[in-house]
$ cat query_21.pdb   # PDB, C-alpha atoms and all ligand atoms
ATOM      1  CA  MET A  25     -44.219  -3.728 112.675
ATOM      2  CA  ASP A  26     -43.987  -3.659 108.912
ATOM      3  CA  ILE A  27     -44.003  -0.766 106.502
ATOM      4  CA  ALA A  28     -47.778  -0.942 106.042
ATOM      5  CA  ASP A  29     -48.242  -0.431 109.790
ATOM      6  CA  ASP A  30     -45.923   2.578 109.716
ATOM      7  CA  GLU A  31     -47.992   4.109 106.905
ATOM      8  CA  THR A  32     -51.170   3.498 108.891
ATOM      9  CA  ILE A  33     -49.736   5.214 111.965
ATOM     10  CA  GLY A  34     -48.534   8.121 109.811
ATOM     11  CA  SER A  35     -51.931   8.584 108.287
ATOM     12  CA  GLU A  36     -53.583   8.402 111.727
ATOM     13  CA  GLU A  37     -51.232  11.092 113.027
ATOM     14  CA  GLN A  38     -51.951  13.198 109.959
ATOM     15  CA  ALA A  39     -55.696  12.692 110.375
ATOM     16  CA  GLU A  40     -55.432  13.722 114.052
ATOM     17  CA  ARG A  41     -53.456  16.824 113.115
ATOM     18  CA  GLU A  42     -56.083  17.697 110.492
ATOM     19  CA  ARG A  43     -58.860  17.275 113.093
ATOM     20  CA  GLU A  44     -57.020  19.616 115.464
ATOM     21  CA  GLU A  45     -56.630  22.236 112.729
ATOM     22  CA  TYR A  46     -60.194  21.846 111.453
ATOM     23  CA  VAL A  47     -62.243  24.998 111.835
ATOM     24  CA  ASP A  48     -65.998  24.598 111.599
ATOM     25  CA  PHE A  49     -67.894  27.106 109.530
ATOM     26  CA  ASP A  50     -69.402  29.035 112.443
ATOM     27  CA  SER A  51     -65.904  29.517 113.920
ATOM     28  CA  LEU A  52     -64.663  30.664 110.526
ATOM     29  CA  LYS A  53     -67.447  33.260 110.321
ATOM     30  CA  GLU A  54     -66.503  34.497 113.784
ATOM     31  CA  LYS A  55     -62.792  34.641 112.902
ATOM     32  CA  VAL A  56     -63.585  36.834 109.878
ATOM     33  CA  ARG A  57     -65.970  38.983 111.921
ATOM     34  CA  HIS A  58     -63.348  39.359 114.670
ATOM     35  CA  PHE A  59     -60.623  40.256 112.143
ATOM     36  CA  VAL A  60     -62.795  43.061 110.733
ATOM     37  CA  ARG A  61     -64.058  44.255 114.122
ATOM     38  CA  GLU A  62     -60.689  44.421 115.911
ATOM     39  CA  ARG A  63     -59.406  46.724 113.147
ATOM     40  CA  ASP A  64     -62.506  48.914 113.296
ATOM     41  CA  TRP A  65     -63.125  48.161 109.642
ATOM     42  CA  GLU A  66     -66.864  47.518 109.978
ATOM     43  CA  LYS A  67     -67.448  51.143 108.946
ATOM     44  CA  TYR A  68     -65.862  50.303 105.555
ATOM     45  CA  HIS A  69     -67.474  46.886 105.156
ATOM     46  CA  ASN A  70     -70.741  47.773 103.488
ATOM     47  CA  PRO A  71     -72.278  45.273 101.036
ATOM     48  CA  LYS A  72     -71.265  47.271  97.930
ATOM     49  CA  ASP A  73     -67.609  47.566  98.885
ATOM     50  CA  ILE A  74     -67.359  43.973 100.041
ATOM     51  CA  ALA A  75     -68.930  42.814  96.746
ATOM     52  CA  ILE A  76     -66.414  44.963  94.860
ATOM     53  CA  SER A  77     -63.643  43.415  96.956
ATOM     54  CA  ILE A  78     -64.826  39.913  96.020
ATOM     55  CA  ALA A  79     -64.582  40.859  92.335
ATOM     56  CA  VAL A  80     -61.165  42.498  92.815
ATOM     57  CA  GLU A  81     -59.790  39.429  94.581
ATOM     58  CA  ALA A  82     -61.346  37.156  91.933
ATOM     59  CA  GLY A  83     -59.475  39.281  89.381
ATOM     60  CA  GLU A  84     -56.237  38.725  91.294
ATOM     61  CA  LEU A  85     -56.975  34.985  91.194
ATOM     62  CA  LEU A  86     -57.533  35.187  87.436
ATOM     63  CA  GLU A  87     -54.331  37.175  86.997
ATOM     64  CA  ILE A  88     -52.366  34.129  88.154
ATOM     65  CA  PHE A  89     -53.713  32.214  85.148
ATOM     66  CA  GLN A  90     -53.436  35.078  82.660
ATOM     67  CA  TRP A  91     -51.186  34.140  79.736
ATOM     68  CA  MET A  92     -50.617  30.662  81.147
ATOM     69  CA  GLN A  93     -50.233  28.233  78.283
ATOM     70  CA  PRO A  94     -51.891  24.771  78.138
ATOM     71  CA  ASP A  95     -48.643  22.988  79.049
ATOM     72  CA  GLU A  96     -48.269  25.204  82.142
ATOM     73  CA  LEU A  97     -51.943  24.676  83.072
ATOM     74  CA  ALA A  98     -51.509  20.915  82.869
ATOM     75  CA  LYS A  99     -48.739  21.118  85.502
ATOM     76  CA  VAL A 100     -50.189  23.880  87.688
ATOM     77  CA  LYS A 101     -50.766  21.573  90.690
ATOM     78  CA  ASP A 102     -47.062  20.668  90.649
ATOM     79  CA  ASN A 103     -45.937  24.304  90.739
ATOM     80  CA  GLU A 104     -45.662  25.112  94.453
ATOM     81  CA  GLN A 105     -45.180  28.859  93.877
ATOM     82  CA  VAL A 106     -48.299  29.092  91.714
ATOM     83  CA  VAL A 107     -50.340  26.929  94.092
ATOM     84  CA  GLU A 108     -49.276  29.185  96.979
ATOM     85  CA  LYS A 109     -50.450  32.257  95.046
ATOM     86  CA  ILE A 110     -53.762  30.512  94.264
ATOM     87  CA  ARG A 111     -54.189  29.616  97.949
ATOM     88  CA  GLY A 112     -53.726  33.266  98.904
ATOM     89  CA  GLU A 113     -56.115  34.731  96.357
ATOM     90  CA  LEU A 114     -58.716  32.012  96.879
ATOM     91  CA  ALA A 115     -58.599  32.749 100.607
ATOM     92  CA  ASP A 116     -59.039  36.468  99.871
ATOM     93  CA  VAL A 117     -62.158  35.721  97.785
ATOM     94  CA  ILE A 118     -63.592  33.378 100.410
ATOM     95  CA  ASN A 119     -62.851  35.743 103.289
ATOM     96  CA  HIS A 120     -64.681  38.566 101.528
ATOM     97  CA  CYS A 121     -67.588  36.210 100.726
ATOM     98  CA  ILE A 122     -67.819  35.308 104.406
ATOM     99  CA  SER A 123     -67.608  38.979 105.330
ATOM    100  CA  LEU A 124     -70.468  39.830 102.952
ATOM    101  CA  ALA A 125     -72.557  37.019 104.417
ATOM    102  CA  ASN A 126     -71.753  38.292 107.921
ATOM    103  CA  ASN A 127     -72.721  41.807 106.938
ATOM    104  CA  LEU A 128     -76.078  40.711 105.492
ATOM    105  CA  ASP A 129     -76.780  38.012 108.114
ATOM    106  CA  LEU A 130     -76.741  35.309 105.444
ATOM    107  CA  ASP A 131     -75.938  31.705 106.254
ATOM    108  CA  ILE A 132     -73.458  30.491 103.642
ATOM    109  CA  PRO A 133     -74.030  26.725 104.104
ATOM    110  CA  THR A 134     -77.783  27.269 103.658
ATOM    111  CA  LEU A 135     -77.453  29.477 100.590
ATOM    112  CA  VAL A 136     -74.933  27.110  98.975
ATOM    113  CA  VAL A 137     -77.179  24.082  99.542
ATOM    114  CA  ASP A 138     -80.240  26.025  98.309
ATOM    115  CA  LYS A 139     -78.375  26.984  95.114
ATOM    116  CA  LEU A 140     -77.176  23.409  94.574
ATOM    117  CA  LYS A 141     -80.782  22.210  94.825
ATOM    118  CA  LYS A 142     -81.791  24.772  92.163
ATOM    119  CA  ALA A 143     -78.855  23.707  89.977
ATOM    120  CA  GLU A 144     -79.851  20.049  90.326
ATOM    121  CA  LYS A 145     -83.282  20.942  88.938
ATOM    122  CA  LYS A 146     -81.856  23.184  86.211
ATOM    123  CA  TYR A 147     -79.251  20.602  85.186
ATOM    124  CA  PRO A 148     -80.778  17.153  85.805
ATOM    125  CA  LYS A 149     -77.986  14.604  85.812
ATOM    126  CA  GLU A 150     -79.870  12.347  83.371
ATOM    127  CA  GLN A 151     -79.793  15.158  80.781
ATOM    128  CA  PHE A 152     -76.426  16.753  81.554
ATOM    129  CA  MET A 153     -74.211  13.775  82.400
ATOM    130  CA  GLY A 154     -70.837  14.493  80.797
ATOM    131  CA  VAL A 155     -72.139  17.300  78.607
ATOM    132  CA  TRP A 156     -72.894  20.931  79.114
ATOM    133  CA  GLN A 157     -75.401  22.941  77.163
ATOM    134  CA  LYS A 158     -77.332  26.034  78.070
ATOM    135  CA  PRO A 159     -80.787  24.958  79.239
ATOM    136  CA  GLU A 160     -83.708  26.194  77.145
ATOM    137  CA  GLY A 161     -85.879  28.913  78.631
TER
HETATM  138 MG    MG A 201     -55.450  39.316  97.021
END
$ encode --input "query_21.pdb" --output "structure tokens"
Amino acid sequence: MDIADDETIGSEEQAEREREEYVDFDSLKEKVRHFVRERDWEKYHNPKDIAISIAVEAGELLEIFQWMQPDELAKVKDNEQVVEKIRGELADVINHCISLANNLDLDIPTLVVDKLKKAEKKYPKEQFMGVWQKPEG
């Protein structure tokens, strides 16, 4: 067995581990719903307060980048402490988004795909390839 084979086995083991840890979206929705329900927090989770929470957590995500200079931004992926903070705040935003969708019986995969379809029409790739400009109208 040569080194290339070892790398192949390693990647297969890693891929298997990732499959075991994979959580499909419906399970994720249920995990968020269960987290809220088992704490009896549903009484606090109305659409307004969840939407506010999304904005608050998005602010905490932005705070990580506040005052960061271009040289720090260029190396942000190499900074494990910063990446760990980003992971935490991004998860907070996503968890609240899922909670809002749960509260309003919205299907996130459907609404994301619907919005992408609208964006594809608004920003046709032939016109917006490599450039961004505000569409007219
Ligand atoms: Mg947070």
$ closest_residue --input "query_21.pdb" --among "A:Glu62, A:Glu108, A:Glu160, A:Glu81" --to "ligand MG 201 (chain A)" --atoms "all atoms listed in the file"
A:Glu81
$ residues_near_ligand --input "query_21.pdb" --ligand "ligand MG 201 (chain A)" --cutoff "6 Å" --atoms "all atoms listed in the file" --output "tab-separated table (two decimals) with C-alpha atoms, keeping the file's coordinate frame"
chain	number	residue	atom	x	y	z
A	81	GLU	CA	-59.79	39.43	94.58
A	84	GLU	CA	-56.24	38.72	91.29
A	113	GLU	CA	-56.12	34.73	96.36
A	116	ASP	CA	-59.04	36.47	99.87
$ closest_residue --input "query_21.pdb" --among "A:Arg57, A:Leu97, A:Glu144, A:Cys121" --to "Ile76 in chain A" --atoms "only C-alpha atoms"
A:Cys121
$ residues_around --input "query_21.pdb" --residues "Ala75 in chain A" --least-positions-apart "2" --cutoff "8 Å" --atoms "only C-alpha atoms" --output "PyMOL selection string"
chain A and resi 71-73+77-79+120-121+124
$ closest_residue --input "query_21.pdb" --among "A:Asn70, A:Lys146, A:Ser51, A:Val60" --to "Leu128 in chain A" --atoms "all atoms listed in the file"
A:Asn70
$ closest_residue --input "query_21.pdb" --among "A:Lys141, A:Arg61, A:Ile74, A:Glu40" --to "Ile122 in chain A" --atoms "all atoms listed in the file"
A:Ile74
$ atom_distance --input "query_21.pdb" --atom1 "CA of Trp65 in chain A" --atom2 "CA of Arg111 in chain A"
23.7 Å
$ closest_residue --input "query_21.pdb" --among "A:Val117, A:Met92, A:Glu45, A:Phe59" --to "Val80 in chain A" --atoms "all atoms listed in the file"
A:Val117
$ closest_residue --input "query_21.pdb" --among "A:Ser35, A:Lys139, A:Asn119, A:Tyr68" --to "Ala82 in chain A" --atoms "all atoms listed in the file"
A:Asn119
$ atom_distance --input "query_21.pdb" --atom1 "CA of Leu130 in chain A" --atom2 "CA of Gly83 in chain A"
23.9 Å
$ resolve_selection --input "query_21.pdb" --expression "the PyMOL selection byres (((chain A and resi 133) around 12) and not hetatm)" --output "PyMOL selection string"
chain A and resi 48-50+53+121-122+125+130-132+134-140
$ atom_distance --input "query_21.pdb" --atom1 "CA of Asp129 in chain A" --atom2 "CA of Lys145 in chain A"
26.5 Å
